[in-house]
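start33.txt (compact mmCIF, C-alpha atoms and all ligand atoms) appears below.
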```txt
# COMPACT_ATOMS: atom_id res chain seq x y z
CA MET Q 778 112.21 20.88 26.69
CA LYS Q 779 109.41 18.69 28.06
CA GLY Q 780 109.85 15.96 30.61
CA THR Q 781 108.34 13.91 33.42
CA VAL Q 782 109.12 14.35 37.10
CA ILE Q 783 110.37 10.98 38.36
CA LYS Q 784 111.64 11.91 41.79
CA SER Q 785 111.04 14.71 44.25
CA THR Q 786 113.03 15.48 47.33
CA GLY Q 787 111.19 18.60 48.31
CA SER Q 788 113.20 21.28 46.57
CA GLN Q 789 115.11 19.35 43.93
CA TYR Q 790 113.38 17.34 41.22
CA GLN Q 791 114.65 14.61 38.95
CA VAL Q 792 113.14 15.03 35.50
CA MET Q 793 113.31 12.55 32.65
CA LEU Q 794 113.37 14.50 29.42
CA ALA Q 795 111.59 13.47 26.25
CA ASP Q 796 114.92 12.33 24.77
CA GLY Q 797 115.56 9.98 27.71
CA ARG Q 798 118.14 12.12 29.50
CA GLN Q 799 117.66 12.77 33.20
CA VAL Q 800 118.31 16.17 34.76
CA SER Q 801 118.15 17.51 38.26
CA CYS Q 802 116.02 20.66 38.45
CA ARG Q 803 114.83 23.36 40.73
CA ILE Q 804 111.52 25.05 40.28
CA ARG Q 805 111.10 28.63 39.12
CA GLY Q 806 110.05 31.07 41.83
CA ASN Q 807 106.52 30.48 43.01
CA LEU Q 808 105.41 28.33 40.11
CA ARG Q 809 102.15 26.58 41.00
CA LEU Q 810 99.23 25.06 39.19
CA LYS Q 811 96.30 27.43 39.46
CA ASP Q 812 93.53 26.62 41.97
CA PHE Q 813 95.65 24.03 43.68
CA GLU Q 814 96.21 24.14 47.40
CA ALA Q 815 98.91 21.61 48.08
CA THR Q 816 101.97 21.45 50.26
CA ASN Q 817 104.09 20.42 47.26
CA PRO Q 818 103.97 22.16 43.89
CA LEU Q 819 105.24 19.17 41.92
CA ALA Q 820 104.77 15.42 42.24
CA VAL Q 821 106.10 12.40 40.41
CA GLY Q 822 104.31 11.97 37.12
CA ASP Q 823 103.95 15.68 36.52
CA TYR Q 824 104.65 16.77 32.96
CA VAL Q 825 106.78 19.87 32.98
CA VAL Q 826 108.69 22.23 30.75
CA VAL Q 827 112.35 22.53 31.65
CA GLU Q 828 114.81 25.27 30.85
CA LEU Q 829 118.13 23.44 30.55
CA ARG Q 830 121.14 24.94 32.28
CA ASP Q 831 124.35 23.68 33.79
CA GLU Q 832 124.36 20.77 36.17
CA ASP Q 833 121.72 20.93 38.91
CA THR Q 834 120.62 24.44 37.97
CA SER Q 835 118.05 23.53 35.31
CA LEU Q 836 114.68 25.08 35.97
CA VAL Q 837 111.12 23.81 35.78
CA THR Q 838 109.31 26.73 34.19
CA GLU Q 839 105.88 25.27 33.51
CA ILE Q 840 103.57 22.53 34.83
CA ILE Q 841 101.22 20.94 32.33
CA PRO Q 842 97.70 20.54 33.80
CA ARG Q 843 97.21 17.09 35.36
CA LYS Q 844 94.86 14.53 33.86
CA ASN Q 845 94.48 13.01 37.33
CA TYR Q 846 96.37 12.83 40.61
CA ILE Q 847 96.28 11.20 43.98
CA ILE Q 848 96.63 12.98 47.28
CA ARG Q 849 97.36 12.43 50.90
CA LYS Q 850 96.17 14.68 53.63
CA SER Q 851 98.86 16.33 55.67
CA ILE Q 852 98.32 15.10 59.18
CA LYS Q 853 98.75 18.36 61.00
CA LEU Q 854 97.32 20.78 58.51
CA SER Q 855 94.11 18.94 57.84
CA ARG Q 856 93.00 21.24 55.04
CA GLN Q 857 96.21 20.96 53.14
CA VAL Q 858 96.95 18.04 50.92
CA GLN Q 859 100.09 16.55 49.50
CA VAL Q 860 99.98 15.45 45.89
CA LEU Q 861 101.53 11.98 45.80
CA ALA Q 862 101.55 11.35 42.07
CA ALA Q 863 100.02 12.71 38.89
CA ASN Q 864 99.02 11.57 35.40
CA ILE Q 865 98.50 7.92 36.27
CA ASP Q 866 97.38 5.71 33.37
CA GLN Q 867 96.40 2.76 35.51
CA ALA Q 868 96.43 1.64 39.14
CA LEU Q 869 97.01 -2.01 39.98
CA VAL Q 870 96.36 -3.47 43.39
CA VAL Q 871 98.85 -6.25 43.95
CA ALA Q 872 97.01 -8.99 45.80
CA THR Q 873 97.77 -12.49 46.95
CA PRO Q 874 95.23 -15.22 47.70
CA VAL Q 875 97.95 -16.79 49.87
CA PHE Q 876 100.85 -15.69 52.09
CA PRO Q 877 99.59 -13.10 53.04
CA LYS Q 878 95.97 -13.32 51.94
CA THR Q 879 94.54 -10.06 50.60
CA SER Q 880 90.90 -9.50 51.53
CA LEU Q 881 88.29 -8.66 48.94
CA GLY Q 882 87.39 -5.70 51.15
CA PHE Q 883 90.82 -4.24 50.60
CA ILE Q 884 90.63 -4.88 46.86
CA ASP Q 885 87.17 -3.33 46.53
CA ARG Q 886 88.14 -0.27 48.54
CA PHE Q 887 91.18 0.18 46.31
CA LEU Q 888 89.08 -0.12 43.15
CA ALA Q 889 86.48 2.32 44.48
CA THR Q 890 89.21 4.79 45.37
CA ALA Q 891 90.63 4.52 41.86
CA GLU Q 892 87.15 5.18 40.45
CA ALA Q 893 86.87 8.27 42.61
CA TYR Q 894 90.20 9.48 41.27
CA THR Q 895 89.11 8.52 37.71
CA ILE Q 896 92.09 6.25 37.30
CA PRO Q 897 91.57 3.00 35.34
CA ALA Q 898 92.24 0.16 37.75
CA GLY Q 899 92.97 -3.51 37.90
CA ILE Q 900 94.06 -6.38 40.11
CA LEU Q 901 97.31 -8.27 39.90
CA PHE Q 902 97.03 -11.64 41.65
CA ASN Q 903 100.61 -12.41 42.56
CA LYS Q 904 102.63 -15.43 43.69
CA CYS Q 905 100.79 -17.75 41.29
CA ASP Q 906 103.62 -20.26 41.68
CA LEU Q 907 102.11 -21.09 45.06
CA TYR Q 908 98.51 -21.70 43.96
CA THR Q 909 96.92 -25.07 44.52
CA GLU Q 910 94.21 -26.28 42.16
CA GLU Q 911 91.62 -24.98 44.59
CA ILE Q 912 93.20 -21.54 44.76
CA TRP Q 913 93.46 -21.41 40.97
CA ALA Q 914 89.73 -22.10 40.78
CA TRP Q 915 89.01 -19.26 43.20
CA VAL Q 916 91.33 -16.80 41.45
CA ASN Q 917 89.76 -17.66 38.09
CA GLU Q 918 86.33 -17.07 39.57
CA LEU Q 919 87.45 -13.66 40.83
CA LYS Q 920 89.01 -12.93 37.46
CA ALA Q 921 85.69 -13.62 35.75
CA LEU Q 922 83.84 -11.43 38.27
CA TYR Q 923 86.15 -8.42 38.08
CA THR Q 924 86.61 -8.67 34.32
CA SER Q 925 82.85 -8.57 33.90
CA ILE Q 926 82.74 -5.34 35.91
CA GLY Q 927 85.39 -3.86 33.64
CA TYR Q 928 88.61 -4.25 35.59
CA LYS Q 929 91.84 -5.62 34.20
CA VAL Q 930 92.91 -8.79 36.00
CA LEU Q 931 96.44 -10.17 35.75
CA ILE Q 932 97.94 -13.26 37.35
CA ALA Q 933 101.70 -13.41 37.79
CA SER Q 934 104.70 -14.50 39.79
CA SER Q 935 108.16 -13.02 39.67
CA LEU Q 936 109.41 -16.60 40.08
CA GLN Q 937 107.78 -17.71 36.81
CA PRO Q 938 109.18 -15.73 33.86
CA GLU Q 939 106.45 -16.89 31.46
CA SER Q 940 103.78 -15.46 33.76
CA MET Q 941 105.44 -12.04 33.51
CA ASP Q 942 105.04 -11.64 29.73
CA LEU Q 943 101.51 -10.30 29.86
CA LEU Q 944 102.44 -7.94 32.69
CA HIS Q 945 105.32 -6.55 30.61
CA GLU Q 946 102.88 -5.90 27.78
CA GLU Q 947 100.32 -4.23 30.02
CA LEU Q 948 102.87 -1.85 31.53
CA LYS Q 949 104.62 -0.80 28.37
CA ASN Q 950 104.67 2.97 27.78
CA LYS Q 951 102.20 3.58 30.58
CA THR Q 952 102.46 5.11 34.02
CA THR Q 953 101.23 2.43 36.40
CA LEU Q 954 100.69 2.74 40.11
CA PHE Q 955 101.36 -0.38 42.16
CA SER Q 956 99.81 -0.63 45.57
CA GLY Q 957 99.16 -3.40 48.03
CA HIS Q 958 100.00 -4.64 51.47
CA SER Q 959 103.54 -5.27 52.52
CA GLY Q 960 104.62 -8.79 51.68
CA VAL Q 961 102.51 -9.33 48.55
CA GLY Q 962 105.62 -9.14 46.38
CA LYS Q 963 105.62 -5.62 44.92
CA SER Q 964 109.37 -5.11 45.26
CA SER Q 965 110.09 -8.54 43.79
CA LEU Q 966 107.87 -7.73 40.80
CA ILE Q 967 109.47 -4.35 40.23
CA ASN Q 968 112.98 -5.83 40.53
CA ASN Q 969 111.98 -8.40 37.96
CA LEU Q 970 110.59 -5.77 35.60
CA ILE Q 971 113.61 -3.51 35.98
CA PRO Q 972 116.81 -5.54 36.00
CA GLY Q 973 119.50 -3.84 38.04
CA LEU Q 974 117.14 -1.81 40.20
CA ASP Q 975 117.55 -4.07 43.22
CA LEU Q 976 114.84 -2.77 45.56
CA LYS Q 977 115.01 -4.23 49.01
CA THR Q 978 112.55 -7.07 49.43
CA SER Q 979 111.22 -7.97 52.82
CA THR Q 980 111.82 -11.35 54.34
CA LEU Q 981 108.87 -13.08 55.91
CA SER Q 982 110.24 -12.25 59.35
CA THR Q 983 110.10 -8.49 58.76
CA GLN Q 984 106.59 -8.49 57.39
CA HIS Q 985 105.00 -7.66 60.69
CA GLU Q 986 106.41 -4.17 60.25
CA LYS Q 987 103.38 -3.60 58.07
CA GLY Q 988 102.63 -0.04 57.20
CA ILE Q 989 105.76 1.47 58.67
CA HIS Q 990 107.25 3.42 55.83
CA THR Q 991 109.58 6.31 56.10
CA THR Q 992 109.48 7.60 52.52
CA THR Q 993 107.48 10.78 52.25
CA PHE Q 994 107.28 10.90 48.49
CA ALA Q 995 106.15 8.20 46.13
CA GLU Q 996 108.92 6.96 43.88
CA MET Q 997 108.69 6.44 40.18
CA HIS Q 998 110.77 3.80 38.44
CA VAL Q 999 111.61 3.90 34.74
CA LEU Q 1000 110.78 0.71 32.82
CA PRO Q 1001 113.50 -0.32 30.36
CA GLY Q 1002 110.97 -0.83 27.54
CA GLY Q 1003 109.24 2.53 28.17
CA GLY Q 1004 106.80 3.52 30.86
CA PHE Q 1005 106.94 4.13 34.60
CA ILE Q 1006 105.96 2.36 37.79
CA ILE Q 1007 104.89 4.29 40.86
CA ASP Q 1008 105.38 2.34 44.03
CA THR Q 1009 103.15 3.19 47.00
CA PRO Q 1010 103.18 1.13 50.16
CA GLY Q 1011 99.49 0.73 50.80
CA ILE Q 1012 96.02 2.11 50.45
CA ARG Q 1013 96.66 4.70 53.10
CA GLU Q 1014 99.30 6.07 50.78
CA PHE Q 1015 97.11 5.62 47.75
CA GLY Q 1016 94.95 8.16 49.48
CA ILE Q 1017 91.82 7.93 51.50
CA ILE Q 1018 88.80 9.45 49.96
CA ASP Q 1019 86.22 10.82 52.32
CA PHE Q 1020 83.41 9.12 50.51
CA ASN Q 1021 80.14 10.96 50.50
CA ARG Q 1022 77.43 8.41 51.40
CA ASN Q 1023 75.37 9.23 48.35
CA GLU Q 1024 78.33 8.80 46.06
CA VAL Q 1025 79.75 5.48 47.22
CA SER Q 1026 77.68 3.55 44.70
CA HIS Q 1027 79.08 5.69 41.89
CA TYR Q 1028 82.41 3.99 42.51
CA PHE Q 1029 81.02 0.46 42.16
CA PRO Q 1030 80.30 0.46 38.41
CA GLU Q 1031 77.98 -2.57 38.33
CA ILE Q 1032 75.98 -1.28 41.33
CA PHE Q 1033 75.77 2.19 39.85
CA LYS Q 1034 74.44 0.81 36.57
CA VAL Q 1035 71.63 -1.11 38.25
CA SER Q 1036 70.81 1.70 40.69
CA LYS Q 1037 69.16 3.67 37.90
CA ASP Q 1038 66.22 1.28 38.27
CA CYS Q 1039 65.79 1.87 42.01
CA ARG Q 1040 62.51 3.56 42.92
CA PHE Q 1041 64.15 6.41 44.82
CA ASN Q 1042 66.93 8.27 43.14
CA ASN Q 1043 68.66 8.84 46.48
CA CYS Q 1044 68.43 5.11 47.28
CA LEU Q 1045 71.38 3.89 49.33
CA HIS Q 1046 70.43 0.25 48.62
CA LEU Q 1047 70.00 -0.54 52.30
CA ASN Q 1048 66.37 -1.26 53.17
CA GLU Q 1049 64.50 0.97 50.77
CA ASN Q 1050 61.48 -0.32 48.91
CA ASP Q 1051 61.86 -1.33 45.27
CA CYS Q 1052 65.63 -1.30 45.36
CA ALA Q 1053 66.91 -2.74 42.08
CA VAL Q 1054 70.37 -3.27 43.58
CA LYS Q 1055 69.09 -5.55 46.34
CA VAL Q 1056 67.11 -7.53 43.78
CA ALA Q 1057 70.21 -7.88 41.62
CA VAL Q 1058 72.20 -9.14 44.61
CA GLU Q 1059 69.48 -11.68 45.43
CA GLU Q 1060 69.43 -12.84 41.82
CA GLY Q 1061 73.22 -13.11 41.69
CA ARG Q 1062 73.67 -10.40 39.07
CA ILE Q 1063 75.72 -8.40 41.58
CA ALA Q 1064 78.24 -10.39 43.64
CA GLY Q 1065 77.41 -10.60 47.34
CA SER Q 1066 80.99 -9.73 48.25
CA ARG Q 1067 80.85 -6.54 46.21
CA TYR Q 1068 77.58 -5.50 47.84
CA GLU Q 1069 78.99 -6.28 51.30
CA ASN Q 1070 82.08 -4.19 50.61
CA TYR Q 1071 79.91 -1.38 49.28
CA LEU Q 1072 78.07 -1.44 52.61
CA SER Q 1073 81.37 -1.48 54.51
CA ILE Q 1074 82.46 1.74 52.86
CA LEU Q 1075 79.01 3.25 53.31
CA GLU Q 1076 79.12 2.46 57.02
CA ASN Q 1077 82.74 3.46 57.24
CA ARG Q 1078 83.83 0.10 58.59
CA ASP Q 1079 87.55 -0.40 58.53
CA ILE Q 1080 88.31 -2.73 55.67
CA PHE Q 1081 91.88 -1.69 55.12
CA ARG Q 1082 93.14 -5.12 56.09
P1 LIG E 1101 106.52 -6.21 49.08
O1 LIG E 1101 106.52 -5.98 50.55
O2 LIG E 1101 105.14 -6.16 48.51
O3 LIG E 1101 107.48 -5.36 48.34
O4 LIG E 1101 106.97 -7.76 48.89
P2 LIG E 1101 108.42 -8.37 48.61
O5 LIG E 1101 108.75 -8.27 47.16
O6 LIG E 1101 109.39 -7.81 49.57
O7 LIG E 1101 108.16 -9.93 48.90
C1 LIG E 1101 107.71 -10.40 50.18
C2 LIG E 1101 108.06 -11.88 50.33
O8 LIG E 1101 107.36 -12.67 49.36
C3 LIG E 1101 109.54 -12.16 50.10
O9 LIG E 1101 109.93 -13.17 51.01
C4 LIG E 1101 109.60 -12.67 48.67
O10 LIG E 1101 110.68 -13.54 48.47
C5 LIG E 1101 108.28 -13.40 48.54
N1 LIG E 1101 107.77 -13.38 47.16
C6 LIG E 1101 107.66 -12.30 46.36
N2 LIG E 1101 107.14 -12.65 45.16
C7 LIG E 1101 106.90 -13.97 45.21
C8 LIG E 1101 106.35 -14.92 44.28
O11 LIG E 1101 105.96 -14.61 43.15
N3 LIG E 1101 106.25 -16.22 44.71
C9 LIG E 1101 106.67 -16.62 45.95
N4 LIG E 1101 106.53 -17.91 46.26
N5 LIG E 1101 107.18 -15.74 46.84
C10 LIG E 1101 107.30 -14.45 46.49
ZN ZN E 1102 68.62 0.86 45.59
```
As a first step, turn the structure in this file into structure tokens.
Amino acid sequence: MKGTVIKSTGSQYQVMLADGRQVSCRIRGNLRLKDFEATNPLAVGDYVVVELRDEDTSLVTEIIPRKNYIIRKSIKLSRQVQVLAANIDQALVVATPVFPKTSLGFIDRFLATAEAYTIPAGILFNKCDLYTEEIWAWVNELKALYTSIGYKVLIASSLQPESMDLLHEELKNKTTLFSGHSGVGKSSLINNLIPGLDLKTSTLSTQHEKGIHTTTFAEMHVLPGGGFIIDTPGIREFGIIDFNRNEVSHYFPEIFKVSKDCRFNNCLHLNENDCAVKVAVEEGRIAGSRYENYLSILENRDIFR
């Protein structure tokens, strides 16, 4: 029977079968995906074939090739990677223009990383119950910008049920990765989407514990209406790509498009002559913030915050 891995504890895996049942499984012998050097053979989101047996002795006998996956480098064994999650339909960066404010640098780095992983991505501007008129204007401006580039943009608040309708629709029957800084309201959103789950939400006073997370494996939550949510604490967990300088522009779709008109085909859009990208920035066809954040990644400046 086929199923989806929804939890991994290292040697035991929780698999949700096609008929909705959940079983605890072990993995057969040295089952591995071919050409894959990872510290873990299976990750959440993996599609597998299960041989059903008595309680806790069911076996994963086959791994279906992944359509995509995200990794984290093991700290000690630098060449080895850990697969955090597989078969992701979309990745949403949960952002807030207020309390705490998410920088555009963080958002753009997230989107570029998703491009590199070939995962469709989007932005979820959260806590919209707190927006002033001025903040609404700014968020709507950003929505227009990112929509024009091809990203999905959602605006929601777990405190305003009507704002959650579109989110429900967008998540239905899909595997969605949520990422974002601590305090932006991810747990509150997930609790709202999955009644009864009751994830711990952080109070404002514990938010300074940013980035301290003890979970080793990403968790996948089952949506009541169909679909899954993968919760990762931050971009460091989403995975850091070692961007090759010549490839950074490939992950900024609107820059990549224009770069075909640059004079040099290895143009980095810095100070080269006849750079179509720089012209487009000057003429406002490419947003200055996007170009700046492209440069930040190119120059390896830390824009995680
Ligand atoms: P996480 O760290 O991203 O999981 O964020 P939490 O869900 O723990 O929320 C962090 C803080 O923001 C908590 O104090 C929540 O009560 C608050 N919060 C979460 N969502 C909203 C929202 O939509 N509106 C407002 N005003 N506060 C929110
Ligand atoms: Zn150029």
Non-local contacts of Met778 (chain Q) (9 Å; all atoms listed in the file; under 3 positions in same chain excluded) as a PyMOL selection string: chain Q and resi 794-795+825-829
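Note that the spacing between CA of Leu919 (chain Q) and atom O9 of ligand LIG 1101 (chain E) amounts to 24.7 Å.
Within the 12 Å cut-off around Pro938 (chain Q), using only C-alpha atoms and omitting residues fewer than 5 positions from it on the same chain, the listed residues are Lys904, Cys905, Asp906, Ala933, Leu943, Leu944, His945, Leu966, Asn969 and Leu970 of chain Q.
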Residues within 9 Å of ligand LIG 1101 (chain E) (all atoms listed in the file), as a PDB file with C-alpha atoms, keeping the file's coordinate frame?
```
ATOM      1  CA  VAL Q 871      98.850  -6.250  43.950  1.00  0.00           C
ATOM      2  CA  PHE Q 876     100.850 -15.690  52.090  1.00  0.00           C
ATOM      3  CA  PRO Q 877      99.590 -13.100  53.040  1.00  0.00           C
ATOM      4  CA  ASN Q 903     100.610 -12.410  42.560  1.00  0.00           C
ATOM      5  CA  LYS Q 904     102.630 -15.430  43.690  1.00  0.00           C
ATOM      6  CA  CYS Q 905     100.790 -17.750  41.290  1.00  0.00           C
ATOM      7  CA  ASP Q 906     103.620 -20.260  41.680  1.00  0.00           C
ATOM      8  CA  LEU Q 907     102.110 -21.090  45.060  1.00  0.00           C
ATOM      9  CA  ALA Q 933     101.700 -13.410  37.790  1.00  0.00           C
ATOM     10  CA  SER Q 934     104.700 -14.500  39.790  1.00  0.00           C
ATOM     11  CA  SER Q 935     108.160 -13.020  39.670  1.00  0.00           C
ATOM     12  CA  LEU Q 936     109.410 -16.600  40.080  1.00  0.00           C
ATOM     13  CA  GLN Q 937     107.780 -17.710  36.810  1.00  0.00           C
ATOM     14  CA  SER Q 956      99.810  -0.630  45.570  1.00  0.00           C
ATOM     15  CA  GLY Q 957      99.160  -3.400  48.030  1.00  0.00           C
ATOM     16  CA  HIS Q 958     100.000  -4.640  51.470  1.00  0.00           C
ATOM     17  CA  SER Q 959     103.540  -5.270  52.520  1.00  0.00           C
ATOM     18  CA  GLY Q 960     104.620  -8.790  51.680  1.00  0.00           C
ATOM     19  CA  VAL Q 961     102.510  -9.330  48.550  1.00  0.00           C
ATOM     20  CA  GLY Q 962     105.620  -9.140  46.380  1.00  0.00           C
ATOM     21  CA  LYS Q 963     105.620  -5.620  44.920  1.00  0.00           C
ATOM     22  CA  SER Q 964     109.370  -5.110  45.260  1.00  0.00           C
ATOM     23  CA  SER Q 965     110.090  -8.540  43.790  1.00  0.00           C
ATOM     24  CA  LEU Q 966     107.870  -7.730  40.800  1.00  0.00           C
ATOM     25  CA  ILE Q 967     109.470  -4.350  40.230  1.00  0.00           C
ATOM     26  CA  ASN Q 968     112.980  -5.830  40.530  1.00  0.00           C
ATOM     27  CA  LEU Q 976     114.840  -2.770  45.560  1.00  0.00           C
ATOM     28  CA  LYS Q 977     115.010  -4.230  49.010  1.00  0.00           C
ATOM     29  CA  THR Q 978     112.550  -7.070  49.430  1.00  0.00           C
ATOM     30  CA  SER Q 979     111.220  -7.970  52.820  1.00  0.00           C
ATOM     31  CA  THR Q 980     111.820 -11.350  54.340  1.00  0.00           C
ATOM     32  CA  LEU Q 981     108.870 -13.080  55.910  1.00  0.00           C
ATOM     33  CA  SER Q 982     110.240 -12.250  59.350  1.00  0.00           C
ATOM     34  CA  GLN Q 984     106.590  -8.490  57.390  1.00  0.00           C
ATOM     35  CA  LYS Q 987     103.380  -3.600  58.070  1.00  0.00           C
ATOM     36  CA  PRO Q1010     103.180   1.130  50.160  1.00  0.00           C
TER      37      PRO Q1010
END
```
Nearest candidate to Tyr1028 (chain Q) (options Q:Thr909, Q:Asn1070, Q:Ser940, Q:Thr879; using all atoms listed in the file): Q:Asn1070
Who sits within 9 Å of Asp1038 (chain Q), all atoms listed in the file, same chain under 4 positions skipped, as a ChimeraX atom specification: /Q:1034,1042,1051-1054
Can you build me a table of chain Q residues sitting at most 9 Å from ligand ZN 1102 (chain E), with the closest atom pair per residue and its distance in Å to one decimal, using all atoms listed in the file, sorted by chain and residue number, as a tab-separated table?
```
residue	atom	partner	partner_atom	distance
Q:Ile1032	CA	E:ZN1102	ZN	8.8
Q:Val1035	CA	E:ZN1102	ZN	8.2
Q:Ser1036	CA	E:ZN1102	ZN	5.4
Q:Lys1037	CA	E:ZN1102	ZN	8.2
Q:Asp1038	CA	E:ZN1102	ZN	7.7
Q:Cys1039	CA	E:ZN1102	ZN	4.7
Q:Arg1040	CA	E:ZN1102	ZN	7.2
Q:Phe1041	CA	E:ZN1102	ZN	7.2
Q:Asn1042	CA	E:ZN1102	ZN	8.0
Q:Asn1043	CA	E:ZN1102	ZN	8.0
Q:Cys1044	CA	E:ZN1102	ZN	4.6
Q:Leu1045	CA	E:ZN1102	ZN	5.5
Q:His1046	CA	E:ZN1102	ZN	3.6
Q:Leu1047	CA	E:ZN1102	ZN	7.0
Q:Asn1048	CA	E:ZN1102	ZN	8.2
Q:Glu1049	CA	E:ZN1102	ZN	6.6
Q:Asn1050	CA	E:ZN1102	ZN	8.0
Q:Asp1051	CA	E:ZN1102	ZN	7.1
Q:Cys1052	CA	E:ZN1102	ZN	3.7
Q:Ala1053	CA	E:ZN1102	ZN	5.3
Q:Val1054	CA	E:ZN1102	ZN	4.9
Q:Lys1055	CA	E:ZN1102	ZN	6.5
Q:Val1056	CA	E:ZN1102	ZN	8.7
```
Given all atoms listed in the file as the counted atoms, nearest of Q:Asp1019, Q:Glu918, Q:Asp866, Q:Asp1008 to Leu948 (chain Q): Q:Asp866
Distance query Ile783 (chain Q) at most 12 Å, all atoms listed in the file, self and fewer than 2 positions along chain excluded, as number ranges by chain: Q: 780-781, 785-786, 789-794, 797-802, 819-825, 861-864, 952, 994-1000, 1004-1008
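Straight-line separation from CA of Val916 (chain Q) to CA of Ala898 (chain Q): 17.4 Å.
One finds CA of Leu901 (chain Q) at 13.2 Å from CA of Asp942 (chain Q).
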Exercise: Ala889 (chain Q) partners within 10 Å, all atoms listed in the file, chain neighbours under 4 positions left out, as number ranges by chain: Q: 883-885, 893-896, 898, 1018, 1020, 1025-1030, 1070-1071, 1074
